file data-v6.txt (compact mmCIF, C-alpha atoms)
# COMPACT_ATOMS: atom_id res chain seq x y z
CA MET A 1037 91.72 147.58 35.08
CA GLU A 1038 93.51 150.36 33.23
CA GLN A 1039 92.28 151.30 29.77
CA ARG A 1040 94.89 150.33 27.21
CA ASP A 1041 95.81 152.42 24.20
CA SER A 1042 94.89 150.72 20.94
CA GLY A 1043 97.84 152.32 19.16
CA THR A 1044 101.28 150.93 18.41
CA ALA A 1045 102.63 148.41 20.89
CA PRO A 1046 105.60 149.63 22.96
CA PRO A 1047 109.11 148.37 22.14
CA ALA A 1048 109.97 144.89 23.39
CA LEU A 1049 112.21 144.26 26.39
CA GLY A 1050 113.59 140.74 26.14
CA VAL A 1051 113.89 139.09 29.56
CA GLY A 1052 116.16 136.14 30.27
CA MET A 1053 115.90 134.29 33.57
CA VAL A 1054 118.51 132.13 35.28
CA GLY A 1055 116.87 129.62 37.63
CA TYR A 1056 113.42 128.05 37.53
CA ALA A 1057 112.49 126.75 40.98
CA PHE A 1058 110.44 128.59 43.65
CA MET A 1059 111.68 132.11 42.88
CA GLY A 1060 111.89 131.41 39.18
CA ALA A 1061 108.21 130.52 39.16
CA ALA A 1062 107.31 133.63 41.16
CA HIS A 1063 109.33 135.94 38.91
CA SER A 1064 107.88 134.25 35.81
CA GLN A 1065 104.39 135.01 37.10
CA GLY A 1066 105.35 138.65 37.52
CA TRP A 1067 106.83 139.02 34.04
CA ARG A 1068 103.96 137.12 32.43
CA THR A 1069 101.33 139.26 34.15
CA VAL A 1070 102.69 142.79 34.38
CA GLY A 1071 102.04 143.87 30.80
CA HIS A 1072 98.42 142.74 31.01
CA VAL A 1073 97.77 144.86 34.09
CA PHE A 1074 99.78 148.06 33.71
CA ASP A 1075 100.36 150.28 30.70
CA LEU A 1076 104.13 150.02 30.30
CA PRO A 1077 106.59 152.01 28.19
CA LEU A 1078 108.32 148.74 27.24
CA ARG A 1079 106.76 145.33 26.56
CA PRO A 1080 108.38 142.49 28.56
CA VAL A 1081 108.95 139.41 26.43
CA LEU A 1082 109.85 136.10 28.09
CA ALA A 1083 112.72 135.31 25.74
CA ALA A 1084 114.65 132.52 27.47
CA ILE A 1085 115.16 130.69 30.75
CA ALA A 1086 118.32 128.87 31.83
CA GLY A 1087 118.99 125.90 34.11
CA ARG A 1088 121.48 123.02 34.25
CA ASP A 1089 118.96 120.18 33.76
CA ALA A 1090 117.84 120.25 30.11
CA HIS A 1091 114.60 118.33 30.71
CA ALA A 1092 113.62 120.32 33.81
CA VAL A 1093 114.37 123.73 32.31
CA ARG A 1094 112.44 122.91 29.14
CA ALA A 1095 109.49 121.82 31.28
CA ALA A 1096 109.75 125.09 33.25
CA ALA A 1097 109.88 127.09 30.02
CA ASP A 1098 106.73 125.40 28.73
CA LYS A 1099 104.90 125.78 32.05
CA HIS A 1100 105.74 129.45 32.63
CA GLY A 1101 105.68 130.75 29.06
CA TRP A 1102 109.35 131.19 28.16
CA ALA A 1103 110.09 131.00 24.44
CA ALA A 1104 113.46 129.23 24.72
CA ALA A 1105 115.48 127.20 27.20
CA GLU A 1106 119.23 127.17 27.78
CA THR A 1107 121.39 124.88 29.91
CA ASP A 1108 124.20 127.43 30.33
CA TRP A 1109 123.57 130.89 31.77
CA ARG A 1110 126.44 132.24 29.67
CA ALA A 1111 124.53 131.28 26.53
CA LEU A 1112 121.47 133.09 27.87
CA ILE A 1113 123.47 136.26 28.49
CA ALA A 1114 124.91 136.08 24.97
CA ARG A 1115 121.48 136.00 23.32
CA ASP A 1116 120.61 139.05 21.23
CA ASP A 1117 116.94 138.79 22.23
CA VAL A 1118 117.78 139.21 25.94
CA GLN A 1119 118.21 142.77 27.23
CA LEU A 1120 117.50 142.08 30.91
CA VAL A 1121 118.83 139.17 32.99
CA ASP A 1122 116.76 138.08 36.01
CA ILE A 1123 118.80 136.01 38.50
CA CYS A 1124 116.82 133.51 40.61
CA THR A 1125 119.62 131.11 41.59
CA PRO A 1126 121.16 130.28 45.00
CA GLY A 1127 123.33 133.06 46.39
CA ASP A 1128 126.67 131.47 45.56
CA SER A 1129 126.20 132.26 41.85
CA HIS A 1130 124.69 135.76 42.10
CA ALA A 1131 127.92 137.72 41.80
CA GLU A 1132 129.35 135.79 38.86
CA ILE A 1133 126.16 135.92 36.82
CA ALA A 1134 125.29 139.53 37.63
CA ILE A 1135 128.75 140.89 36.87
CA ALA A 1136 128.96 138.95 33.60
CA ALA A 1137 125.51 140.18 32.54
CA LEU A 1138 126.32 143.81 33.34
CA GLU A 1139 129.62 143.61 31.49
CA ALA A 1140 127.73 142.15 28.51
CA GLY A 1141 125.51 145.23 28.40
CA LYS A 1142 122.40 143.77 30.04
CA HIS A 1143 120.16 145.20 32.72
CA VAL A 1144 120.02 143.00 35.83
CA LEU A 1145 117.43 142.03 38.44
CA CYS A 1146 118.96 139.87 41.19
CA GLU A 1147 117.05 138.04 43.92
CA LYS A 1148 117.87 138.79 47.52
CA PRO A 1149 120.10 138.56 49.41
CA LEU A 1150 122.36 140.26 46.89
CA ALA A 1151 125.28 137.90 47.55
CA ASN A 1152 126.75 135.48 50.08
CA SER A 1153 129.37 137.89 51.38
CA VAL A 1154 130.15 141.57 51.67
CA ALA A 1155 133.07 141.18 49.27
CA GLU A 1156 130.84 139.67 46.57
CA ALA A 1157 128.17 142.32 47.10
CA GLN A 1158 130.77 145.08 46.86
CA ALA A 1159 132.05 143.65 43.57
CA MET A 1160 128.48 143.64 42.26
CA VAL A 1161 128.01 147.28 43.26
CA THR A 1162 131.25 148.22 41.51
CA ALA A 1163 130.09 146.44 38.35
CA ALA A 1164 126.67 148.09 38.57
CA GLU A 1165 128.21 151.55 38.91
CA ALA A 1166 130.37 150.97 35.83
CA ALA A 1167 127.39 149.64 33.90
CA ARG A 1168 125.28 152.63 34.93
CA SER A 1169 127.63 154.92 33.04
CA ARG A 1170 126.91 152.82 29.94
CA GLY A 1171 123.14 152.91 30.46
CA GLN A 1172 122.57 149.53 32.12
CA LEU A 1173 120.55 149.40 35.36
CA ALA A 1174 120.65 146.94 38.25
CA MET A 1175 118.09 146.22 40.98
CA VAL A 1176 117.89 143.74 43.86
CA GLY A 1177 114.61 141.89 44.37
CA PHE A 1178 113.24 142.66 47.83
CA ASN A 1179 109.67 141.99 46.74
CA TYR A 1180 108.01 142.79 50.08
CA ARG A 1181 108.65 146.47 49.42
CA ARG A 1182 106.01 146.04 46.69
CA VAL A 1183 103.22 144.90 49.00
CA PRO A 1184 100.83 147.85 48.57
CA ALA A 1185 100.23 148.15 52.33
CA LEU A 1186 103.97 148.40 53.00
CA THR A 1187 104.56 150.86 50.17
CA PHE A 1188 101.73 152.92 51.64
CA ALA A 1189 103.26 152.61 55.12
CA ARG A 1190 106.51 154.04 53.76
CA ARG A 1191 104.54 156.95 52.31
CA LEU A 1192 102.86 157.68 55.66
CA ILE A 1193 106.18 157.60 57.50
CA ALA A 1194 107.90 159.79 54.90
CA ASP A 1195 105.01 162.27 55.19
CA GLY A 1196 105.68 162.55 58.94
CA ARG A 1197 102.51 160.85 60.15
CA LEU A 1198 104.46 159.00 62.88
CA GLY A 1199 106.76 161.89 63.76
CA THR A 1200 110.20 161.02 65.09
CA LEU A 1201 110.62 157.24 65.13
CA ARG A 1202 111.31 155.49 68.44
CA HIS A 1203 110.99 151.74 67.94
CA VAL A 1204 110.99 149.28 65.03
CA ARG A 1205 110.04 145.64 65.69
CA VAL A 1206 110.16 143.02 62.98
CA SER A 1207 109.87 139.23 63.06
CA TYR A 1208 109.80 136.64 60.30
CA LEU A 1209 108.76 133.18 61.46
CA GLN A 1210 108.49 129.94 59.47
CA ASP A 1211 108.30 126.28 60.50
CA TRP A 1212 109.51 124.23 57.54
CA LEU A 1213 112.64 123.07 59.36
CA VAL A 1214 111.01 121.96 62.61
CA ASP A 1215 111.21 118.31 61.50
CA PRO A 1216 114.79 117.14 62.23
CA ASP A 1217 114.52 114.70 59.31
CA PHE A 1218 113.90 117.41 56.72
CA PRO A 1219 116.81 116.88 54.29
CA LEU A 1220 119.90 118.95 53.70
CA THR A 1221 118.87 121.19 50.78
CA TRP A 1222 121.08 123.97 49.43
CA ARG A 1223 119.46 126.46 51.81
CA LEU A 1224 121.13 124.58 54.70
CA GLN A 1225 124.64 124.68 53.26
CA ARG A 1226 126.75 127.75 53.82
CA GLU A 1227 128.73 127.35 50.60
CA HIS A 1228 125.49 127.76 48.61
CA ALA A 1229 123.22 129.90 50.81
CA GLY A 1230 125.73 132.06 52.68
CA SER A 1231 123.66 131.85 55.86
CA GLY A 1232 120.40 130.28 57.01
CA ALA A 1233 117.40 132.05 58.48
CA LEU A 1234 119.56 135.17 58.72
CA GLY A 1235 120.07 135.54 54.96
CA ASP A 1236 116.83 133.91 53.86
CA LEU A 1237 114.43 135.75 56.19
CA GLY A 1238 116.61 138.27 58.00
CA ALA A 1239 117.58 139.98 54.75
CA HIS A 1240 113.92 140.74 54.09
CA ILE A 1241 113.21 142.23 57.50
CA VAL A 1242 116.44 144.25 57.61
CA ASP A 1243 115.59 145.74 54.23
CA LEU A 1244 112.00 146.46 55.27
CA ALA A 1245 113.08 148.12 58.52
CA GLN A 1246 115.54 150.39 56.72
CA TYR A 1247 113.16 151.09 53.81
CA LEU A 1248 110.21 152.00 56.03
CA ALA A 1249 112.28 154.07 58.45
CA GLY A 1250 114.15 155.77 55.62
CA GLU A 1251 117.45 155.29 57.43
CA VAL A 1252 120.06 152.61 57.99
CA LEU A 1253 121.08 150.43 60.91
CA VAL A 1254 124.39 151.59 62.38
CA GLY A 1255 125.00 148.75 64.85
CA VAL A 1256 123.64 145.42 66.11
CA SER A 1257 123.87 142.95 68.98
CA ALA A 1258 122.98 139.37 68.04
CA GLN A 1259 122.55 135.73 68.92
CA MET A 1260 122.26 132.84 66.44
CA GLU A 1261 121.65 129.12 66.83
CA THR A 1262 121.56 125.91 64.81
CA PHE A 1263 119.18 123.60 66.66
CA VAL A 1264 119.48 120.60 64.33
CA LYS A 1265 123.16 119.98 63.69
CA GLU A 1266 122.83 117.19 61.11
CA ARG A 1267 120.17 116.29 58.56
CA PRO A 1268 119.61 113.55 55.97
CA ARG A 1269 121.41 114.05 52.71
CA LEU A 1270 119.14 115.12 49.87
CA ASP A 1271 117.67 112.23 47.89
CA GLY A 1272 116.76 113.59 44.48
CA ALA A 1273 115.69 117.12 43.64
CA SER A 1274 114.04 119.61 45.96
CA SER A 1275 111.11 121.82 44.99
CA GLY A 1276 110.42 125.06 46.79
CA LEU A 1277 110.50 124.21 50.50
CA THR A 1278 109.84 120.49 50.05
CA ALA A 1279 112.36 117.67 49.59
CA SER A 1280 113.08 114.06 50.49
CA GLY A 1281 116.18 112.68 52.20
CA GLY A 1282 118.18 109.46 52.25
CA PRO A 1283 119.60 107.39 55.14
CA ARG A 1284 122.94 109.20 55.48
CA ARG A 1285 123.20 112.45 57.42
CA ALA A 1286 125.53 115.44 56.98
CA PRO A 1287 126.27 118.63 58.95
CA VAL A 1288 124.06 121.70 58.73
CA THR A 1289 126.40 124.66 58.22
CA VAL A 1290 124.00 127.59 58.58
CA ASP A 1291 121.84 129.04 61.35
CA ASP A 1292 118.30 127.92 62.11
CA ALA A 1293 117.44 131.17 63.91
CA ALA A 1294 118.83 134.64 64.52
CA VAL A 1295 117.68 137.29 66.99
CA PHE A 1296 119.25 140.73 67.24
CA THR A 1297 118.73 144.26 68.38
CA GLY A 1298 119.88 147.29 66.44
CA ARG A 1299 120.14 151.04 66.45
CA LEU A 1300 119.09 153.20 63.52
CA ALA A 1301 121.06 156.26 62.46
CA SER A 1302 118.57 158.57 64.19
CA GLY A 1303 118.93 156.71 67.48
CA ALA A 1304 115.68 154.73 67.17
CA LEU A 1305 115.87 151.18 68.52
CA ALA A 1306 115.04 148.05 66.52
CA THR A 1307 114.49 144.37 67.29
CA PHE A 1308 114.59 141.49 64.82
CA GLU A 1309 113.76 137.79 64.93
CA ALA A 1310 114.22 135.38 62.03
CA THR A 1311 113.61 131.65 62.37
CA ARG A 1312 112.59 128.63 60.33
CA MET A 1313 111.88 126.65 63.51
CA ALA A 1314 108.65 128.30 64.78
CA SER A 1315 106.10 125.48 64.68
CA GLY A 1316 102.74 126.57 63.31
CA ARG A 1317 104.12 129.67 61.59
CA LYS A 1318 104.15 129.28 57.83
CA ASN A 1319 105.14 132.72 56.55
CA ALA A 1320 104.56 135.08 59.45
CA LEU A 1321 106.26 138.40 58.76
CA ARG A 1322 105.09 141.00 61.26
CA LEU A 1323 106.24 144.51 62.01
CA GLU A 1324 105.36 147.48 64.16
CA ILE A 1325 106.83 150.96 64.04
CA ASN A 1326 106.26 153.43 66.88
CA GLY A 1327 106.87 157.16 66.57
CA GLU A 1328 106.19 160.20 68.73
CA SER A 1329 102.97 160.93 66.82
CA GLY A 1330 101.67 157.48 65.92
CA SER A 1331 102.26 153.82 65.12
CA LEU A 1332 101.93 151.40 62.21
CA ALA A 1333 101.56 147.61 62.31
CA PHE A 1334 101.52 145.00 59.52
CA ASP A 1335 101.09 141.24 59.22
CA LEU A 1336 102.02 139.55 55.93
CA GLU A 1337 99.36 136.90 56.47
CA ARG A 1338 96.84 139.78 56.21
CA LEU A 1339 98.77 141.62 53.53
CA ASN A 1340 95.96 143.86 52.32
CA GLU A 1341 95.65 145.49 55.74
CA LEU A 1342 97.61 148.13 57.61
CA SER A 1343 96.97 149.12 61.23
CA PHE A 1344 97.48 152.82 61.95
CA HIS A 1345 97.28 154.74 65.20
CA ASP A 1346 97.32 158.55 65.27
CA HIS A 1347 98.51 159.52 68.75
CA ARG A 1348 97.42 163.12 68.23
CA GLU A 1349 93.75 162.18 68.32
CA PRO A 1350 91.77 162.60 71.59
CA ALA A 1351 92.53 159.78 74.02
CA ALA A 1352 88.84 159.01 74.47
CA THR A 1353 88.49 157.88 70.82
CA ALA A 1354 92.07 157.17 69.77
CA GLY A 1355 93.18 153.64 68.85
CA PHE A 1356 94.46 151.53 66.02
CA ARG A 1357 92.36 151.75 62.88
CA ARG A 1358 92.27 149.05 60.20
CA ILE A 1359 93.07 150.35 56.71
CA VAL A 1360 92.14 148.01 53.88
CA VAL A 1361 94.75 148.87 51.25
CA THR A 1362 92.74 148.17 48.09
CA GLU A 1363 91.67 151.66 46.98
CA ALA A 1364 92.70 153.01 43.59
CA GLU A 1365 94.64 155.76 45.40
CA HIS A 1366 96.84 153.18 47.14
CA PRO A 1367 100.18 152.15 45.58
CA TYR A 1368 99.90 149.83 42.55
CA LEU A 1369 96.13 149.41 42.91
CA GLU A 1370 95.24 151.52 39.87
CA GLY A 1371 95.89 148.49 37.66
CA TRP A 1372 93.98 145.85 39.58
CA TRP A 1373 90.43 145.28 40.88
CA PRO A 1374 87.65 147.39 42.43
CA PRO A 1375 88.10 148.43 46.09
CA GLY A 1376 87.92 145.58 48.59
CA HIS A 1377 89.14 142.92 46.16
CA ALA A 1378 92.31 141.59 47.75
CA LEU A 1379 95.71 140.99 46.18
CA GLY A 1380 98.21 138.26 47.11
CA TYR A 1381 101.88 137.35 47.37
CA GLU A 1382 102.35 136.85 43.63
CA HIS A 1383 101.28 140.41 42.83
CA THR A 1384 104.43 141.81 44.44
CA PHE A 1385 106.47 140.34 41.59
CA ALA A 1386 104.33 142.07 38.98
CA HIS A 1387 104.80 145.34 40.87
CA GLN A 1388 108.56 144.72 41.00
CA ALA A 1389 108.62 144.11 37.26
CA ARG A 1390 106.60 147.26 36.58
CA ASP A 1391 108.93 149.46 38.59
CA LEU A 1392 112.02 148.05 36.89
CA VAL A 1393 110.57 148.38 33.39
CA GLU A 1394 109.61 152.00 34.04
CA ALA A 1395 113.08 152.76 35.40
CA ILE A 1396 114.74 151.23 32.34
CA ALA A 1397 112.48 153.19 29.98
CA SER A 1398 113.12 156.49 31.75
CA GLY A 1399 116.80 155.87 32.52
CA THR A 1400 116.26 156.49 36.23
CA ASP A 1401 117.91 154.47 38.98
CA PRO A 1402 115.67 151.61 40.19
CA MET A 1403 115.17 150.85 43.85
CA PRO A 1404 116.32 148.98 45.80
CA SER A 1405 119.71 149.36 44.17
CA PHE A 1406 122.68 147.03 44.44
CA ALA A 1407 124.05 149.57 46.95
CA ASP A 1408 120.94 148.98 49.06
CA GLY A 1409 121.58 145.25 48.80
CA LEU A 1410 125.16 145.81 49.93
CA GLN A 1411 123.92 147.76 52.95
CA VAL A 1412 121.75 144.79 53.95
CA GLN A 1413 124.70 142.44 53.43
CA ARG A 1414 126.82 144.54 55.77
CA VAL A 1415 124.11 144.36 58.43
CA LEU A 1416 123.98 140.56 58.08
CA ALA A 1417 127.77 140.39 58.39
CA ALA A 1418 127.65 142.52 61.55
CA VAL A 1419 124.97 140.22 62.98
CA GLU A 1420 127.16 137.16 62.41
CA GLU A 1421 130.21 138.92 63.88
CA SER A 1422 128.25 139.97 66.96
CA ALA A 1423 126.89 136.46 67.50
CA GLN A 1424 130.39 135.02 67.24
CA LYS A 1425 131.59 137.51 69.87
CA ASN A 1426 128.94 136.68 72.48
CA SER A 1427 126.51 139.38 71.36
CA VAL A 1428 128.93 142.30 71.62
CA TYR A 1429 127.54 145.48 70.01
CA THR A 1430 128.99 145.58 66.49
CA PRO A 1431 128.95 148.65 64.22
CA VAL A 1432 127.66 148.25 60.66
CA GLN A 1433 130.03 149.48 57.99
CA ALA A 1434 128.35 152.33 56.15
CA VAL A 1435 127.57 152.38 52.44
CA GLU A 1436 127.97 155.68 50.62
CA ALA A 1437 124.54 155.63 48.96
CA GLU A 1438 121.49 156.36 51.12
CA VAL A 1439 118.89 153.61 51.36
CA ARG A 1440 115.89 154.48 49.19
call {"tool": "encode", "arguments": {"input": "data-v6.txt", "output": "structure tokens"}}
result
Amino acid sequence: MEQRDSGTAPPALGVGMVGYAFMGAAHSQGWRTVGHVFDLPLRPVLAAIAGRDAHAVRAAADKHGWAAAETDWRALIARDDVQLVDICTPGDSHAEIAIAALEAGKHVLCEKPLANSVAEAQAMVTAAEAARSRGQLAMVGFNYRRVPALTFARRLIADGRLGTLRHVRVSYLQDWLVDPDFPLTWRLQREHAGSGALGDLGAHIVDLAQYLAGEVLVGVSAQMETFVKERPRLDGASSGLTASGGPRRAPVTVDDAAVFTGRLASGALATFEATRMASGRKNALRLEINGESGSLAFDLERLNELSFHDHREPAATAGFRRIVVTEAEHPYLEGWWPPGHALGYEHTFAHQARDLVEAIASGTDPMPSFADGLQVQRVLAAVEESAQKNSVYTPVQAVEAEVR
């Protein structure tokens, strides 16, 4: 662990969170942990958490270490002890909360996907640009960028270790919707989630593909399908990816799976698969990137490992080598354990918090930005348009800012 200075504690950064379910718990873990692991220029303080159910949000505050609980996100934004608003709600409320927080002079972290539509995402970017001129910063939470192995993969690609890129393959497979009697939670309703597997999982893999390649998708050809057309109505509250249903059924209005091909700006080809109907796959995010000089492969279920092939080595001894990404020289590892001691999913949220705190303290633009989130949203929109038009190749509308 890093040695901490025994001098004066850094200034406080009051954090307010909206939402307390699966992502709220994950973000809370990150905020609660980050200051105990990394030496930060600002000290995150868990000031308040907001949710509509007074009993549930108070229980979440007590469980995750938040000092206060609010039942109205507007009251949370108005609090003087909150300087940063962390949005962990369903997508249909992202734009309203983020824009209000930015206009109130708060920094904003917003869970992915940035919004439920391109229009909402564009409005959020406009608000973020105006807030930037006043000193407020905004970041979208694509936490898989903060897996040390993937951050390291980006470094290798940026350093030219793969040469000119040729192919990007990414899949994200889950199975929690295989049961046709799993109930109709908000993630299965377009008015709340925007889309299904496409927005939930596809947003992650689109962002990762563009982040690792260092360039954007310029066009896609897609197919989408909803295999279970109706599901039981929700009976009571849902928690994470578990819920119980009643006897009445209602239509599913989002996709169960999306598959699409794409072309990157350089001409490299990409393939994507996102589904919540792959039996036996719990959280299987896999990728491989092939370039003229080498290849990289990654599997989230072995998230401390990166496979690397250097094609310039002699054929007699060349092959994929396994890199265990736990050395102090690897991204984020300087604050954690001795080499070989693995990290997990929850650590990505501490890394995300660290990067945002450091950006706020230095006044530098955090990444991924709301503009990056808008770029992903435009890819998702092109995927849906292509699928509706029998997989016709559909250009992606460009965003001015370059993906970082």
call {"tool": "closest_residue", "arguments": {"input": "data-v6.txt", "among": "A:Pro1375, A:Gly1060, A:Gly1066, A:Gly1052", "to": "Leu1082 in chain A", "atoms": "all atoms listed in the file"}}
result
A:Gly1052
call {"tool": "residues_around", "arguments": {"input": "data-v6.txt", "residues": "range 1163-1172 of chain A", "least_positions_apart": "5", "cutoff": "10 Å", "atoms": "only C-alpha atoms", "output": "list in words"}}
result
Gln1119, Leu1120, Ala1131, Ala1134, Ile1135, Ala1136, Ala1137, Leu1138, Glu1139, Ala1140, Gly1141, Lys1142, His1143, Val1144, Ala1157, Gln1158, Ile1396, Gly1399, Thr1400, Asp1401, Ser1405, Phe1406 and Ala1407 of chain A
call {"tool": "write_last_selection", "arguments": {"input": "data-v6.txt", "atoms": "C-alpha atoms", "output": "JSON list (two decimals), in the coordinates of the input"}}
result
[["chain", "number", "residue", "atom", "x", "y", "z"],
["A", 1119, "GLN", "CA", 118.21, 142.77, 27.23],
["A", 1120, "LEU", "CA", 117.50, 142.08, 30.91],
["A", 1131, "ALA", "CA", 127.92, 137.72, 41.80],
["A", 1134, "ALA", "CA", 125.29, 139.53, 37.63],
["A", 1135, "ILE", "CA", 128.75, 140.89, 36.87],
["A", 1136, "ALA", "CA", 128.96, 138.95, 33.60],
["A", 1137, "ALA", "CA", 125.51, 140.18, 32.54],
["A", 1138, "LEU", "CA", 126.32, 143.81, 33.34],
["A", 1139, "GLU", "CA", 129.62, 143.61, 31.49],
["A", 1140, "ALA", "CA", 127.73, 142.15, 28.51],
["A", 1141, "GLY", "CA", 125.51, 145.23, 28.40],
["A", 1142, "LYS", "CA", 122.40, 143.77, 30.04],
["A", 1143, "HIS", "CA", 120.16, 145.20, 32.72],
["A", 1144, "VAL", "CA", 120.02, 143.00, 35.83],
["A", 1157, "ALA", "CA", 128.17, 142.32, 47.10],
["A", 1158, "GLN", "CA", 130.77, 145.08, 46.86],
["A", 1396, "ILE", "CA", 114.74, 151.23, 32.34],
["A", 1399, "GLY", "CA", 116.80, 155.87, 32.52],
["A", 1400, "THR", "CA", 116.26, 156.49, 36.23],
["A", 1401, "ASP", "CA", 117.91, 154.47, 38.98],
["A", 1405, "SER", "CA", 119.71, 149.36, 44.17],
["A", 1406, "PHE", "CA", 122.68, 147.03, 44.44],
["A", 1407, "ALA", "CA", 124.05, 149.57, 46.95]]
call {"tool": "closest_atom_pairs", "arguments": {"input": "data-v6.txt", "of": "range 1112-1183 of chain A", "to": "range 1416-1421 of chain A", "cutoff": "12 Å", "atoms": "all atoms listed in the file", "output": "JSON lines"}}
result
{"residue": "A:Pro1149", "atom": "CA", "partner": "A:Leu1416", "partner_atom": "CA", "distance": 9.7}
{"residue": "A:Leu1150", "atom": "CA", "partner": "A:Leu1416", "partner_atom": "CA", "distance": 11.3}
{"residue": "A:Ala1151", "atom": "CA", "partner": "A:Leu1416", "partner_atom": "CA", "distance": 10.9}
{"residue": "A:Asn1152", "atom": "CA", "partner": "A:Ala1417", "partner_atom": "CA", "distance": 9.7}
{"residue": "A:Ser1153", "atom": "CA", "partner": "A:Ala1417", "partner_atom": "CA", "distance": 7.6}
{"residue": "A:Val1154", "atom": "CA", "partner": "A:Ala1417", "partner_atom": "CA", "distance": 7.2}
{"residue": "A:Ala1155", "atom": "CA", "partner": "A:Ala1417", "partner_atom": "CA", "distance": 10.6}
{"residue": "A:Ala1157", "atom": "CA", "partner": "A:Ala1417", "partner_atom": "CA", "distance": 11.5}
call {"tool": "residues_around", "arguments": {"input": "data-v6.txt", "residues": "range 1214-1228 of chain A", "least_positions_apart": "6", "cutoff": "6 Å", "atoms": "all atoms listed in the file", "output": "count of residues only"}}
result
10
call {"tool": "residues_around", "arguments": {"input": "data-v6.txt", "residues": "Gly1250 in chain A", "least_positions_apart": "5", "cutoff": "12 Å", "atoms": "only C-alpha atoms", "output": "list of chain:residue names"}}
result
A:Ala1189, A:Arg1190, A:Arg1191, A:Leu1192, A:Ile1193, A:Ala1194, A:Asp1195, A:Gly1196, A:Thr1200, A:Leu1201, A:Val1204, A:Val1242, A:Asp1243, A:Leu1244, A:Ala1245, A:Leu1300, A:Ala1301, A:Ser1302, A:Ala1304, A:Asp1408, A:Glu1438, A:Val1439, A:Arg1440
call {"tool": "write_last_selection", "arguments": {"input": "data-v6.txt", "atoms": "C-alpha atoms", "output": "PDB file, in the coordinates of the input"}}
result
ATOM      1  CA  ALA A1189     103.260 152.610  55.120  1.00  0.00           C
ATOM      2  CA  ARG A1190     106.510 154.040  53.760  1.00  0.00           C
ATOM      3  CA  ARG A1191     104.540 156.950  52.310  1.00  0.00           C
ATOM      4  CA  LEU A1192     102.860 157.680  55.660  1.00  0.00           C
ATOM      5  CA  ILE A1193     106.180 157.600  57.500  1.00  0.00           C
ATOM      6  CA  ALA A1194     107.900 159.790  54.900  1.00  0.00           C
ATOM      7  CA  ASP A1195     105.010 162.270  55.190  1.00  0.00           C
ATOM      8  CA  GLY A1196     105.680 162.550  58.940  1.00  0.00           C
ATOM      9  CA  THR A1200     110.200 161.020  65.090  1.00  0.00           C
ATOM     10  CA  LEU A1201     110.620 157.240  65.130  1.00  0.00           C
ATOM     11  CA  VAL A1204     110.990 149.280  65.030  1.00  0.00           C
ATOM     12  CA  VAL A1242     116.440 144.250  57.610  1.00  0.00           C
ATOM     13  CA  ASP A1243     115.590 145.740  54.230  1.00  0.00           C
ATOM     14  CA  LEU A1244     112.000 146.460  55.270  1.00  0.00           C
ATOM     15  CA  ALA A1245     113.080 148.120  58.520  1.00  0.00           C
ATOM     16  CA  LEU A1300     119.090 153.200  63.520  1.00  0.00           C
ATOM     17  CA  ALA A1301     121.060 156.260  62.460  1.00  0.00           C
ATOM     18  CA  SER A1302     118.570 158.570  64.190  1.00  0.00           C
ATOM     19  CA  ALA A1304     115.680 154.730  67.170  1.00  0.00           C
ATOM     20  CA  ASP A1408     120.940 148.980  49.060  1.00  0.00           C
ATOM     21  CA  GLU A1438     121.490 156.360  51.120  1.00  0.00           C
ATOM     22  CA  VAL A1439     118.890 153.610  51.360  1.00  0.00           C
ATOM     23  CA  ARG A1440     115.890 154.480  49.190  1.00  0.00           C
TER      24      ARG A1440
END
call {"tool": "residues_around", "arguments": {"input": "data-v6.txt", "residues": "range 1384-1392 of chain A", "least_positions_apart": "5", "cutoff": "6 Å", "atoms": "only C-alpha atoms", "output": "count of residues only"}}
result
6
call {"tool": "closest_residue", "arguments": {"input": "data-v6.txt", "among": "A:Lys1148, A:Arg1317, A:Arg1197, A:Arg1357", "to": "Glu1341 in chain A", "atoms": "only C-alpha atoms"}}
result
A:Arg1357
call {"tool": "atom_distance", "arguments": {"input": "data-v6.txt", "atom1": "CA of Gly1409 in chain A", "atom2": "CA of Arg1181 in chain A"}}
result
13.0 Å
call {"tool": "atom_distance", "arguments": {"input": "data-v6.txt", "atom1": "CA of Trp1067 in chain A", "atom2": "CA of Gly1376 in chain A"}}
result
24.7 Å
